[in-house]
file query-v3.txt (compact mmCIF, C-alpha atoms)
# COMPACT_ATOMS: atom_id res chain seq x y z
CA MET A 1 -33.09 24.18 -30.12
CA LEU A 2 -33.87 20.92 -28.43
CA ARG A 3 -37.09 20.64 -30.40
CA ASP A 4 -35.68 21.35 -33.86
CA GLY A 5 -32.96 18.76 -33.20
CA SER A 6 -30.05 21.11 -33.81
CA LEU A 7 -28.72 20.64 -30.28
CA GLY A 8 -28.92 16.86 -30.40
CA LYS A 9 -27.24 16.78 -33.81
CA ALA A 10 -24.47 19.06 -32.57
CA TYR A 11 -23.80 16.83 -29.57
CA LEU A 12 -23.59 13.76 -31.79
CA ILE A 13 -20.90 15.48 -33.83
CA THR A 14 -19.03 16.79 -30.78
CA ALA A 15 -19.19 13.47 -28.95
CA GLN A 16 -17.17 11.75 -31.65
CA PRO A 17 -13.74 13.40 -31.17
CA LEU A 18 -14.39 13.79 -27.44
CA LEU A 19 -15.08 10.14 -26.75
CA LEU A 20 -12.42 8.99 -29.20
CA GLY A 21 -9.82 11.20 -27.53
CA VAL A 22 -10.76 10.22 -23.98
CA ALA A 23 -10.91 6.53 -24.95
CA LEU A 24 -7.45 6.71 -26.54
CA CYS A 25 -6.13 8.41 -23.41
CA GLY A 26 -7.93 5.83 -21.32
CA VAL A 27 -6.01 3.02 -22.97
CA ALA A 28 -2.64 4.57 -23.84
CA GLY A 29 -2.52 7.12 -20.99
CA ILE A 30 -3.26 4.57 -18.29
CA ALA A 31 -0.73 2.16 -19.81
CA PHE A 32 1.83 4.96 -19.91
CA GLY A 33 1.13 6.02 -16.33
CA ILE A 34 1.44 2.44 -15.12
CA GLY A 35 4.68 2.07 -17.04
CA MET A 36 6.03 5.26 -15.46
CA GLY A 37 5.02 4.05 -12.02
CA LEU A 38 6.68 0.68 -12.45
CA SER A 39 9.86 1.62 -14.29
CA ARG A 40 12.33 4.39 -13.44
CA THR A 41 13.49 4.47 -17.07
CA VAL A 42 10.01 5.09 -18.47
CA GLU A 43 9.50 7.69 -15.75
CA TRP A 44 12.73 9.49 -16.66
CA LEU A 45 11.80 9.51 -20.36
CA SER A 46 8.18 10.61 -20.10
CA LEU A 47 7.75 12.76 -17.00
CA PRO A 48 9.21 15.89 -18.72
CA VAL A 49 6.82 15.46 -21.68
CA ILE A 50 3.84 15.23 -19.35
CA ILE A 51 4.94 18.30 -17.40
CA ILE A 52 5.39 20.27 -20.63
CA LEU A 53 1.91 19.17 -21.76
CA GLN A 54 0.48 20.32 -18.43
CA ALA A 55 2.18 23.70 -18.54
CA ALA A 56 1.75 24.47 -22.25
CA PRO A 57 -0.81 27.11 -23.27
CA MET A 58 -3.27 24.89 -25.15
CA ALA A 59 -5.17 27.65 -26.91
CA ALA A 60 -1.88 28.73 -28.49
CA ILE A 61 -0.85 25.23 -29.52
CA ILE A 62 -4.13 24.18 -31.14
CA PRO A 63 -3.61 26.36 -34.25
CA LEU A 64 -0.27 24.55 -34.63
CA LEU A 65 -2.16 21.25 -34.70
CA THR A 66 -4.32 22.60 -37.51
CA TYR A 67 -1.20 23.56 -39.40
CA MET A 68 0.19 20.03 -39.04
CA TYR A 69 -2.86 17.80 -39.21
CA GLY A 70 -5.44 19.84 -41.08
CA ILE A 71 -8.95 20.70 -40.00
CA GLY A 72 -10.36 17.18 -39.76
CA LEU A 73 -11.11 14.81 -36.96
CA THR A 74 -7.41 14.13 -36.23
CA SER A 75 -6.67 17.62 -34.97
CA LYS A 76 -9.74 17.68 -32.74
CA VAL A 77 -8.99 14.29 -31.26
CA LEU A 78 -5.41 15.46 -30.64
CA ALA A 79 -6.68 18.60 -28.90
CA VAL A 80 -8.77 16.46 -26.56
CA ILE A 81 -5.82 14.15 -25.94
CA MET A 82 -3.45 17.01 -25.15
CA LEU A 83 -5.75 18.27 -22.43
CA ALA A 84 -6.96 14.95 -21.07
CA ALA A 85 -3.74 12.94 -21.18
CA PRO A 86 -1.73 14.70 -18.43
CA VAL A 87 -4.31 14.13 -15.66
CA ILE A 88 -4.96 10.55 -16.76
CA VAL A 89 -1.25 9.69 -16.97
CA MET A 90 -0.35 11.50 -13.75
CA ASN A 91 -3.13 9.86 -11.74
CA SER A 92 -2.18 6.38 -12.94
CA TYR A 93 1.46 7.12 -12.20
CA LYS A 94 0.74 8.50 -8.71
CA GLY A 95 -1.60 5.61 -7.96
CA ILE A 96 1.17 3.13 -8.74
CA ARG A 97 3.84 5.09 -6.87
CA ASN A 98 1.74 5.55 -3.74
CA THR A 99 1.44 1.86 -3.00
CA PRO A 100 2.06 1.52 0.76
CA PRO A 101 5.58 0.10 1.23
CA SER A 102 4.39 -2.23 3.97
CA LEU A 103 1.99 -3.96 1.53
CA LEU A 104 4.92 -4.56 -0.82
CA GLN A 105 7.03 -5.89 2.05
CA MET A 106 4.14 -8.10 3.09
CA CYS A 107 3.98 -9.58 -0.40
CA ARG A 108 7.73 -10.20 -0.41
CA SER A 109 7.68 -11.72 3.07
CA PHE A 110 5.28 -14.38 1.74
CA GLN A 111 7.61 -14.98 -1.22
CA GLY A 112 5.37 -13.23 -3.74
CA THR A 113 6.93 -12.74 -7.17
CA ARG A 114 7.25 -9.33 -8.85
CA ALA A 115 4.35 -10.27 -11.16
CA GLN A 116 2.14 -11.17 -8.19
CA GLU A 117 3.19 -7.94 -6.49
CA VAL A 118 2.04 -5.90 -9.50
CA LEU A 119 -1.17 -7.85 -10.22
CA LYS A 120 -2.38 -8.47 -6.68
CA ILE A 121 -1.19 -5.35 -4.86
CA VAL A 122 0.02 -2.45 -7.02
CA LEU A 123 -2.74 -2.45 -9.66
CA PRO A 124 -5.71 -3.03 -7.32
CA HIS A 125 -4.35 -0.29 -5.07
CA ALA A 126 -3.99 2.13 -8.00
CA ALA A 127 -7.38 1.29 -9.54
CA ALA A 128 -9.35 3.91 -7.61
CA LEU A 129 -6.92 6.74 -8.46
CA ILE A 130 -6.74 5.63 -12.09
CA PHE A 131 -10.51 5.85 -12.33
CA THR A 132 -10.47 9.32 -10.75
CA GLY A 133 -7.92 10.29 -13.40
CA LEU A 134 -10.26 9.06 -16.11
CA ARG A 135 -13.07 11.18 -14.71
CA LEU A 136 -10.86 14.29 -14.50
CA GLY A 137 -9.61 13.47 -18.01
CA LEU A 138 -13.18 13.58 -19.33
CA ALA A 139 -13.65 16.96 -17.64
CA MET A 140 -10.52 18.27 -19.37
CA GLY A 141 -11.71 16.65 -22.60
CA PHE A 142 -14.88 18.80 -22.54
CA ILE A 143 -12.73 21.91 -22.30
CA GLY A 144 -10.48 20.62 -25.09
CA ILE A 145 -13.24 19.80 -27.53
CA VAL A 146 -15.00 23.15 -27.14
CA ILE A 147 -11.73 25.02 -27.70
CA ALA A 148 -10.97 22.81 -30.71
CA GLU A 149 -14.39 23.32 -32.25
CA LEU A 150 -14.11 27.07 -31.80
CA LEU A 151 -10.53 27.41 -33.01
CA ILE A 152 -10.08 24.74 -35.70
CA THR A 153 -13.32 24.53 -37.68
CA PRO A 154 -16.74 25.19 -36.26
CA THR A 155 -18.49 21.82 -35.94
CA GLY A 156 -20.98 20.45 -33.45
CA ILE A 157 -21.34 22.54 -30.31
CA GLY A 158 -18.56 24.92 -31.32
CA ASP A 159 -20.44 25.58 -34.54
CA LEU A 160 -23.69 26.32 -32.66
CA ILE A 161 -21.89 28.73 -30.34
CA SER A 162 -20.04 30.59 -33.08
CA TYR A 163 -23.07 30.62 -35.44
CA HIS A 164 -25.45 32.09 -32.84
CA SER A 165 -22.78 34.54 -31.79
CA SER A 166 -22.25 35.70 -35.41
CA THR A 167 -25.99 36.25 -35.88
CA ALA A 168 -26.09 38.09 -32.53
CA ASP A 169 -28.62 35.54 -31.25
CA TYR A 170 -27.11 35.71 -27.79
CA SER A 171 -29.89 33.92 -25.95
CA LYS A 172 -29.30 30.81 -28.10
CA MET A 173 -25.54 31.17 -27.78
CA PHE A 174 -25.68 31.24 -24.00
CA ALA A 175 -28.23 28.42 -23.97
CA THR A 176 -25.73 26.29 -25.89
CA ILE A 177 -22.92 27.17 -23.49
CA ALA A 178 -25.15 26.38 -20.53
CA SER A 179 -26.02 23.04 -22.11
CA VAL A 180 -22.32 22.17 -22.37
CA VAL A 181 -21.91 22.88 -18.67
CA ALA A 182 -24.98 20.77 -17.86
CA VAL A 183 -23.92 17.82 -20.03
CA ALA A 184 -20.40 17.89 -18.61
CA ALA A 185 -21.64 18.13 -15.01
CA ILE A 186 -24.16 15.31 -15.45
CA SER A 187 -21.73 12.92 -17.13
CA LEU A 188 -19.02 13.61 -14.53
CA HIS A 189 -21.51 13.07 -11.73
CA LEU A 190 -22.58 9.73 -13.25
CA LEU A 191 -18.95 8.68 -13.46
CA GLN A 192 -18.47 9.68 -9.84
CA LEU A 193 -21.44 7.53 -8.82
CA LEU A 194 -19.93 4.62 -10.74
CA GLU A 195 -16.59 5.27 -9.05
CA ARG A 196 -18.17 5.12 -5.58
CA ARG A 197 -19.90 1.90 -6.53
CA LEU A 198 -16.69 0.29 -7.83
CA PHE A 199 -14.26 1.54 -5.17
CA PRO A 200 -16.13 2.07 -1.92
CA MET B 1 19.19 -22.72 17.92
CA ILE B 2 16.73 -22.18 15.12
CA VAL B 3 17.88 -18.67 14.18
CA GLU B 4 21.41 -17.33 14.54
CA VAL B 5 22.54 -13.79 13.85
CA ARG B 6 26.29 -13.46 13.39
CA ASN B 7 28.21 -10.17 13.32
CA VAL B 8 25.39 -8.39 11.54
CA SER B 9 25.95 -4.73 10.77
CA LYS B 10 23.71 -2.28 8.98
CA THR B 11 24.54 1.26 7.95
CA TYR B 12 22.29 3.76 6.26
CA ASP B 13 23.49 6.55 4.04
CA ASN B 14 21.87 9.64 5.55
CA GLY B 15 21.94 11.54 2.24
CA ARG B 16 24.76 13.91 3.21
CA GLY B 17 27.52 11.43 2.48
CA GLU B 18 27.68 10.33 6.12
CA GLU B 19 26.80 6.89 7.34
CA THR B 20 24.46 6.14 10.21
CA HIS B 21 25.19 2.91 12.03
CA ALA B 22 21.84 1.27 12.69
CA LEU B 23 23.39 -1.98 13.87
CA ARG B 24 27.00 -2.89 14.63
CA ASP B 25 28.30 -6.44 15.13
CA VAL B 26 25.11 -7.93 16.46
CA ASN B 27 25.38 -11.55 17.63
CA LEU B 28 22.24 -13.27 18.86
CA THR B 29 20.75 -16.74 18.95
CA PHE B 30 17.11 -17.67 19.17
CA PRO B 31 16.16 -21.00 20.76
CA LYS B 32 13.59 -23.18 19.02
CA GLY B 33 10.06 -23.09 20.36
CA GLN B 34 10.65 -20.02 22.52
CA LEU B 35 9.50 -16.45 22.44
CA SER B 36 12.40 -14.02 22.21
CA THR B 37 12.00 -10.30 22.42
CA LEU B 38 14.11 -7.53 20.94
CA LEU B 39 13.67 -4.66 23.37
CA GLY B 40 15.11 -1.19 23.32
CA PRO B 41 14.38 2.53 22.97
CA SER B 42 13.34 4.04 19.63
CA GLY B 43 16.19 4.19 17.16
CA CYS B 44 18.06 1.19 18.55
CA GLY B 45 17.59 -0.72 15.31
CA LYS B 46 15.33 -3.46 16.68
CA THR B 47 12.90 -3.33 13.76
CA THR B 48 15.86 -3.18 11.36
CA LEU B 49 17.29 -6.33 12.93
CA LEU B 50 13.92 -8.11 12.70
CA LYS B 51 13.55 -7.17 9.03
CA ILE B 52 17.09 -8.37 8.33
CA ILE B 53 16.19 -11.72 9.91
CA ALA B 54 13.04 -11.73 7.75
CA GLY B 55 15.16 -11.06 4.67
CA LEU B 56 13.17 -7.92 3.88
CA ILE B 57 16.12 -5.52 4.03
CA PRO B 58 19.73 -6.26 3.13
CA ARG B 59 22.52 -6.21 5.71
CA ASN B 60 25.97 -4.73 5.15
CA ALA B 61 27.95 -7.41 6.94
CA GLY B 62 27.55 -10.66 8.83
CA GLU B 63 25.12 -13.48 8.24
CA VAL B 64 21.76 -14.83 9.34
CA LEU B 65 21.33 -18.58 9.72
CA VAL B 66 17.91 -20.19 9.84
CA LYS B 67 17.97 -23.85 10.84
CA GLY B 68 21.72 -23.79 10.20
CA LYS B 69 21.50 -22.43 6.65
CA PRO B 70 22.47 -18.89 5.67
CA VAL B 71 19.53 -16.90 4.26
CA ASP B 72 19.45 -13.83 2.05
CA GLY B 73 15.75 -13.28 1.49
CA PRO B 74 12.31 -14.22 2.80
CA GLY B 75 11.58 -17.93 3.10
CA PRO B 76 8.61 -20.20 3.77
CA GLU B 77 9.86 -21.07 7.27
CA ARG B 78 9.46 -17.44 8.40
CA ALA B 79 6.25 -15.39 8.52
CA PHE B 80 6.02 -11.70 9.38
CA VAL B 81 3.41 -9.78 11.37
CA PHE B 82 3.51 -6.07 10.56
CA GLN B 83 3.24 -3.10 12.89
CA ASP B 84 0.71 -1.41 10.60
CA PHE B 85 -1.04 -4.76 9.87
CA ALA B 86 -0.36 -4.53 6.09
CA LEU B 87 -3.82 -5.82 5.17
CA LEU B 88 -5.26 -5.44 1.68
CA PRO B 89 -8.07 -2.88 2.16
CA TRP B 90 -9.99 -4.18 -0.88
CA ALA B 91 -9.98 -7.80 0.31
CA THR B 92 -12.16 -9.51 2.89
CA VAL B 93 -10.78 -10.97 6.11
CA LEU B 94 -11.00 -14.40 4.48
CA ARG B 95 -8.91 -13.40 1.46
CA ASN B 96 -6.42 -11.48 3.61
CA VAL B 97 -5.82 -14.47 5.87
CA ALA B 98 -5.49 -16.76 2.85
CA PHE B 99 -3.24 -14.31 0.99
CA GLY B 100 0.07 -16.00 1.87
CA LEU B 101 -1.33 -19.28 0.54
CA GLU B 102 -2.79 -17.52 -2.51
CA LEU B 103 0.72 -16.29 -3.38
CA ARG B 104 1.96 -19.86 -3.13
CA GLY B 105 -0.63 -20.95 -5.67
CA MET B 106 -2.78 -23.08 -3.37
CA PRO B 107 -6.22 -23.65 -4.95
CA ARG B 108 -8.98 -21.44 -3.59
CA PRO B 109 -11.19 -24.00 -1.77
CA GLU B 110 -8.20 -25.42 0.07
CA ARG B 111 -6.70 -22.13 1.12
CA GLU B 112 -10.06 -20.80 2.27
CA GLN B 113 -10.55 -23.87 4.40
CA VAL B 114 -7.17 -23.30 6.06
CA ALA B 115 -7.93 -19.60 6.47
CA ARG B 116 -11.30 -20.29 8.14
CA LYS B 117 -9.58 -22.51 10.69
CA TYR B 118 -7.09 -19.80 11.68
CA ILE B 119 -9.73 -17.05 11.62
CA ALA B 120 -11.60 -19.09 14.23
CA GLU B 121 -8.41 -19.63 16.24
CA VAL B 122 -7.64 -15.95 16.56
CA GLY B 123 -11.25 -15.37 17.63
CA LEU B 124 -12.67 -13.75 14.50
CA LYS B 125 -15.22 -16.39 13.53
CA GLY B 126 -18.16 -14.68 11.83
CA PHE B 127 -16.01 -11.84 10.44
CA GLU B 128 -14.80 -13.73 7.34
CA GLN B 129 -16.64 -11.49 4.87
CA ARG B 130 -15.82 -8.16 6.56
CA TYR B 131 -13.30 -5.69 5.19
CA PRO B 132 -10.35 -4.38 7.24
CA ALA B 133 -11.92 -0.90 7.46
CA GLN B 134 -14.86 -2.45 9.32
CA LEU B 135 -12.62 -3.88 12.05
CA SER B 136 -10.98 -2.33 15.13
CA GLY B 137 -7.18 -2.09 15.37
CA GLY B 138 -6.96 -5.14 17.60
CA MET B 139 -9.10 -7.19 15.24
CA ARG B 140 -7.02 -6.11 12.26
CA GLN B 141 -3.88 -7.33 13.97
CA ARG B 142 -5.60 -10.64 14.70
CA VAL B 143 -6.11 -10.91 10.93
CA GLY B 144 -2.39 -10.21 10.47
CA LEU B 145 -1.56 -12.93 12.98
CA ALA B 146 -3.94 -15.43 11.36
CA ARG B 147 -2.33 -14.74 7.97
CA ALA B 148 1.11 -15.51 9.44
CA LEU B 149 -0.13 -18.68 11.14
CA ALA B 150 -1.94 -19.87 7.99
CA VAL B 151 1.28 -20.38 6.00
CA ASP B 152 2.48 -22.76 8.73
CA ALA B 153 5.92 -21.22 9.17
CA ASP B 154 7.99 -22.42 12.13
CA ILE B 155 9.18 -18.93 12.93
CA ILE B 156 6.88 -15.96 13.45
CA LEU B 157 8.47 -12.51 13.32
CA MET B 158 6.37 -9.81 14.98
CA ASP B 159 7.20 -6.12 14.60
CA GLU B 160 5.59 -4.17 17.47
CA PRO B 161 2.28 -5.88 16.73
CA PHE B 162 0.42 -4.19 19.59
CA SER B 163 1.74 -0.66 19.27
CA SER B 164 -1.41 0.66 17.59
CA VAL B 165 -3.81 -1.33 19.74
CA ASP B 166 -5.38 0.16 22.86
CA GLU B 167 -4.30 -1.03 26.31
CA GLN B 168 -7.29 -3.24 27.21
CA THR B 169 -7.32 -4.95 23.83
CA ARG B 170 -3.59 -5.38 24.06
CA ARG B 171 -3.75 -7.33 27.34
CA LYS B 172 -6.36 -9.72 26.05
CA PHE B 173 -4.44 -10.12 22.80
CA GLN B 174 -1.18 -10.85 24.64
CA GLU B 175 -2.87 -13.61 26.61
CA ASP B 176 -4.41 -15.12 23.47
CA LEU B 177 -1.07 -14.86 21.69
CA LEU B 178 0.72 -16.84 24.41
CA ASP B 179 -1.96 -19.56 24.26
CA LEU B 180 -1.84 -19.79 20.46
CA LEU B 181 1.93 -19.85 20.17
CA ARG B 182 2.40 -22.49 22.83
CA HIS B 183 -0.31 -24.56 21.23
CA HIS B 184 1.37 -24.39 17.80
CA GLN B 185 4.96 -24.73 19.09
CA LYS B 186 6.15 -21.71 17.15
CA THR B 187 9.43 -19.91 17.58
CA VAL B 188 8.66 -16.24 17.92
CA ILE B 189 10.88 -13.19 17.58
CA PHE B 190 9.04 -10.19 18.89
CA VAL B 191 9.95 -6.51 18.72
CA THR B 192 8.60 -4.15 21.35
CA HIS B 193 9.49 -1.05 23.30
CA SER B 194 7.27 -2.01 26.22
CA ILE B 195 9.21 -3.47 29.15
CA GLU B 196 6.09 -5.00 30.71
CA GLU B 197 5.11 -6.63 27.44
CA ALA B 198 8.60 -8.11 27.04
CA ALA B 199 8.74 -9.41 30.61
CA TYR B 200 5.24 -10.85 30.38
CA LEU B 201 5.64 -12.65 27.05
CA SER B 202 9.26 -13.65 26.71
CA ASP B 203 11.48 -16.59 27.43
CA GLN B 204 14.45 -14.50 26.38
CA ILE B 205 14.87 -10.73 26.11
CA ALA B 206 17.67 -9.13 24.11
CA LEU B 207 18.25 -5.54 25.25
CA LEU B 208 19.53 -3.33 22.46
CA SER B 209 21.38 -0.08 23.03
CA PRO B 210 20.93 2.74 20.50
CA ARG B 211 23.27 4.31 17.92
CA PRO B 212 24.86 2.06 16.93
CA GLY B 213 22.44 -0.71 17.80
CA ARG B 214 24.17 -3.44 19.75
CA VAL B 215 23.08 -6.19 22.09
CA SER B 216 23.84 -4.84 25.55
CA LYS B 217 22.38 -7.70 27.61
CA ILE B 218 20.37 -10.90 27.41
CA VAL B 219 17.76 -11.32 30.14
CA ARG B 220 15.91 -14.58 30.76
CA PRO B 221 12.87 -13.64 32.85
CA ASN B 222 12.20 -15.98 35.72
CA VAL B 223 8.48 -16.22 34.94
CA ASP B 224 6.40 -19.37 34.91
CA HIS B 225 4.26 -18.95 31.78
CA SER B 226 1.98 -21.84 32.66
CA ARG B 227 0.37 -19.73 35.39
CA SER B 228 -2.63 -17.53 34.77
CA PRO B 229 -2.06 -14.05 33.33
CA ASP B 230 -3.18 -12.36 36.54
CA GLU B 231 -0.84 -14.47 38.64
CA ILE B 232 2.06 -13.66 36.32
CA ARG B 233 1.40 -9.93 36.60
CA ARG B 234 1.67 -10.18 40.41
CA ASP B 235 4.59 -12.62 40.33
CA GLN B 236 7.80 -11.50 42.05
CA GLY B 237 9.97 -12.88 39.21
CA TYR B 238 8.00 -10.83 36.68
CA LEU B 239 8.23 -7.65 38.75
CA ASP B 240 11.96 -8.16 39.33
CA THR B 241 12.54 -8.60 35.60
CA VAL B 242 10.70 -5.35 34.85
CA ASP B 243 12.86 -3.53 37.44
CA GLU B 244 16.07 -5.08 36.18
CA ILE B 245 15.37 -4.08 32.58
CA TRP B 246 14.35 -0.56 33.53
CA GLY B 247 17.56 -0.23 35.54
CA MET B 248 19.56 -0.98 32.40
CA LEU B 249 17.48 0.94 29.89
CA ARG B 250 17.14 4.21 31.83
CA GLN B 251 20.69 5.24 30.90
CA TYR B 252 19.63 5.43 27.21
CA VAL B 253 16.54 7.52 27.76
call {"tool": "encode", "arguments": {"input": "query-v3.txt", "output": "structure tokens"}}
result
Amino acid sequence: MLRDGSLGKAYLITAQPLLLGVALCGVAGIAFGIGMGLSRTVEWLSLPVIIILQAAPMAAIIPLLTYMYGIGLTSKVLAVIMLAAPVIVMNSYKGIRNTPPSLLQMCRSFQGTRAQEVLKIVLPHAAALIFTGLRLGLAMGFIGIVIAELLITPTGIGDLISYHSSTADYSKMFATIASVVAVAAISLHLLQLLERRLFP
Amino acid sequence: MIVEVRNVSKTYDNGRGEETHALRDVNLTFPKGQLSTLLGPSGCGKTTLLKIIAGLIPRNAGEVLVKGKPVDGPGPERAFVFQDFALLPWATVLRNVAFGLELRGMPRPEREQVARKYIAEVGLKGFEQRYPAQLSGGMRQRVGLARALAVDADIILMDEPFSSVDEQTRRKFQEDLLDLLRHHQKTVIFVTHSIEEAAYLSDQIALLSPRPGRVSKIVRPNVDHSRSPDEIRRDQGYLDTVDEIWGMLRQYV
């Protein structure tokens, strides 16, 4: 499968909604989490939504997405977002909230402004947890995209899995599944290495 | 009197609709250029009082005057040294010491020059590029002290600065602290629960009684601080002060 290029082609197709979804979460989810951490109002408004997203049975909701947004890229990106967003938002939010109170008092005792407090203390402190959230978000994104490609329309990796399964070519089907595990594990490991480099 | 505390009270809501009196009608004055200690058992509100003087927590009644003017928040004439050091773990010793100046918007070359001077004074020369995690507890608190000295405040507020430092390091640090503070003519308000530490360091000791925290007695130790540390520790005036304080505090324990 590697040699005939079908695997590579499938990954190119799968990567598109996956990376798009995780990137959108990376920007909007982190911004949301930071907002929730900094403002009680934003927290009050959005925490229930995040908890519902975390608790909702995704496999049951994805067909609903198809009903609303069709079978195109939008639904698949949304599926990735629904799985990846909660961990990304929650980690950013927790990172902000867990700032040691004595560091905040220290900043105030030297007459730091609220802006300085956020930029020089709260955000640098949260950075490591936010990055961990991004890594966990990518892991969830892998789960999301495979479910989406199996349930919405078979494309990319989901197509390879369902095609080989329908032709009873189980060795190829399991090879594809194993490749997903390998790709996910390798990319998460690389991100972890980067994380250790950035936040020792 | 550089700092005056007048009728300060502080109550906390304990979450069940009842109020806990942390401090009630505290009156205290702190003479300029001297080291005053707030001493008392745990729960007597000494850290609360220090943080009220620092302007870090609000009081319920009374007022705090610094150089004759009432204050309601932190100010440039006061610098705080924290019990848990409160260092930025992602910043080097140099940046941590310069952090107070960084917040004031002093340009980087200038503030680093000031920071280097104080890093050397607290005995950490050569450690400028280290991170807090690479330092021992005593060294971390020296960074905290250098940061407070670097902003050139007249009043240094120290909240149990040696409580997480081991005994040997603590003795050496106390001696260095006395040298530094006398050299810079700072007024120091120091919180501790160690009687020996209070008697060794202080010009004035305010004994606080617990629940509600009140000033029960002011002791002025008869100790000549110009003598060597070892002489002070064998001095009759020092030993008498320790006994006197223990005699008063034992009823609260």
call {"tool": "interface_residues", "arguments": {"input": "query-v3.txt", "of": "chain A", "to": "chain B", "cutoff": "10 Å", "atoms": "only C-alpha atoms", "output": "PyMOL selection string"}}
result
chain A and resi 100-113+116-117+120-121+124-125+199-200
call {"tool": "residues_near_point", "arguments": {"input": "query-v3.txt", "point": "(12.2, -11.6, 21.9)", "cutoff": "8 Å", "atoms": "all atoms listed in the file", "output": "PDB file with C-alpha atoms, keeping the file's coordinate frame"}}
result
ATOM      1  CA  LEU B  35       9.500 -16.450  22.440  1.00  0.00           C
ATOM      2  CA  SER B  36      12.400 -14.020  22.210  1.00  0.00           C
ATOM      3  CA  THR B  37      12.000 -10.300  22.420  1.00  0.00           C
ATOM      4  CA  LEU B  38      14.110  -7.530  20.940  1.00  0.00           C
ATOM      5  CA  LEU B  39      13.670  -4.660  23.370  1.00  0.00           C
ATOM      6  CA  VAL B 188       8.660 -16.240  17.920  1.00  0.00           C
ATOM      7  CA  ILE B 189      10.880 -13.190  17.580  1.00  0.00           C
ATOM      8  CA  PHE B 190       9.040 -10.190  18.890  1.00  0.00           C
ATOM      9  CA  VAL B 191       9.950  -6.510  18.720  1.00  0.00           C
ATOM     10  CA  ALA B 198       8.600  -8.110  27.040  1.00  0.00           C
ATOM     11  CA  SER B 202       9.260 -13.650  26.710  1.00  0.00           C
ATOM     12  CA  ASP B 203      11.480 -16.590  27.430  1.00  0.00           C
ATOM     13  CA  GLN B 204      14.450 -14.500  26.380  1.00  0.00           C
ATOM     14  CA  ILE B 205      14.870 -10.730  26.110  1.00  0.00           C
ATOM     15  CA  ALA B 206      17.670  -9.130  24.110  1.00  0.00           C
TER      16      ALA B 206
END
call {"tool": "atom_distance", "arguments": {"input": "query-v3.txt", "atom1": "atom CA of Met90 of chain A", "atom2": "atom CA of Ser39 of chain A"}}
result
14.2 Å
call {"tool": "closest_residue", "arguments": {"input": "query-v3.txt", "among": "B:Gln134, B:Glu231, B:Val93, B:Ser209", "to": "Arg250 of chain B", "atoms": "all atoms listed in the file"}}
result
B:Ser209
call {"tool": "residues_around", "arguments": {"input": "query-v3.txt", "residues": "segment 116-124 of chain B", "least_positions_apart": "4", "cutoff": "10 Å", "atoms": "all atoms listed in the file", "output": "PyMOL selection string"}}
result
chain B and resi 93-95+97-98+111-112+128+139-150+173+176-177+180
call {"tool": "atom_distance", "arguments": {"input": "query-v3.txt", "atom1": "atom CA of Leu7 of chain A", "atom2": "atom CA of Asp159 of chain A"}}
result
10.5 Å
call {"tool": "residues_around", "arguments": {"input": "query-v3.txt", "residues": "segment 186-189 of chain A", "least_positions_apart": "4", "cutoff": "12 Å", "atoms": "all atoms listed in the file", "output": "number ranges by chain"}}
result
A: 131-142, 179-182, 193-196
call {"tool": "residues_around", "arguments": {"input": "query-v3.txt", "residues": "Thr47 of chain B", "least_positions_apart": "3", "cutoff": "9 Å", "atoms": "all atoms listed in the file", "output": "mmCIF file with C-alpha atoms, in the frame of the given file"}}
result
data_model
loop_
_atom_site.group_PDB
_atom_site.id
_atom_site.type_symbol
_atom_site.label_atom_id
_atom_site.label_comp_id
_atom_site.auth_asym_id
_atom_site.auth_seq_id
_atom_site.Cartn_x
_atom_site.Cartn_y
_atom_site.Cartn_z
ATOM 1 C CA LEU B 38 14.110 -7.530 20.940
ATOM 2 C CA GLY B 43 16.190 4.190 17.160
ATOM 3 C CA CYS B 44 18.060 1.190 18.550
ATOM 4 C CA LEU B 50 13.920 -8.110 12.700
ATOM 5 C CA LYS B 51 13.550 -7.170 9.030
ATOM 6 C CA ILE B 52 17.090 -8.370 8.330
ATOM 7 C CA ASP B 159 7.200 -6.120 14.600
ATOM 8 C CA GLU B 160 5.590 -4.170 17.470
ATOM 9 C CA VAL B 191 9.950 -6.510 18.720
ATOM 10 C CA THR B 192 8.600 -4.150 21.350
#
call {"tool": "atom_distance", "arguments": {"input": "query-v3.txt", "atom1": "atom CA of Val89 of chain A", "atom2": "atom CA of Ala23 of chain A"}}
result
12.9 Å
call {"tool": "build_atoms", "arguments": {"input": "query-v3.txt", "residues": "segment 180-185 of chain A", "atoms": "N, CA and C atoms", "output": "CSV table (one decimal), in the frame of the given file"}}
result
chain,number,residue,atom,x,y,z
A,180,VAL,N,-23.6,22.9,-22.5
A,180,VAL,CA,-22.3,22.2,-22.4
A,180,VAL,C,-22.0,21.9,-20.9
A,181,VAL,N,-22.2,23.0,-20.1
A,181,VAL,CA,-21.9,22.9,-18.7
A,181,VAL,C,-22.8,21.8,-18.1
A,182,ALA,N,-24.1,21.8,-18.4
A,182,ALA,CA,-25.0,20.8,-17.9
A,182,ALA,C,-24.6,19.4,-18.3
A,183,VAL,N,-24.3,19.2,-19.6
A,183,VAL,CA,-23.9,17.8,-20.0
A,183,VAL,C,-22.6,17.3,-19.3
A,184,ALA,N,-21.7,18.3,-19.2
A,184,ALA,CA,-20.4,17.9,-18.6
A,184,ALA,C,-20.6,17.5,-17.1
A,185,ALA,N,-21.4,18.4,-16.4
A,185,ALA,CA,-21.6,18.1,-15.0
A,185,ALA,C,-22.4,16.8,-14.8
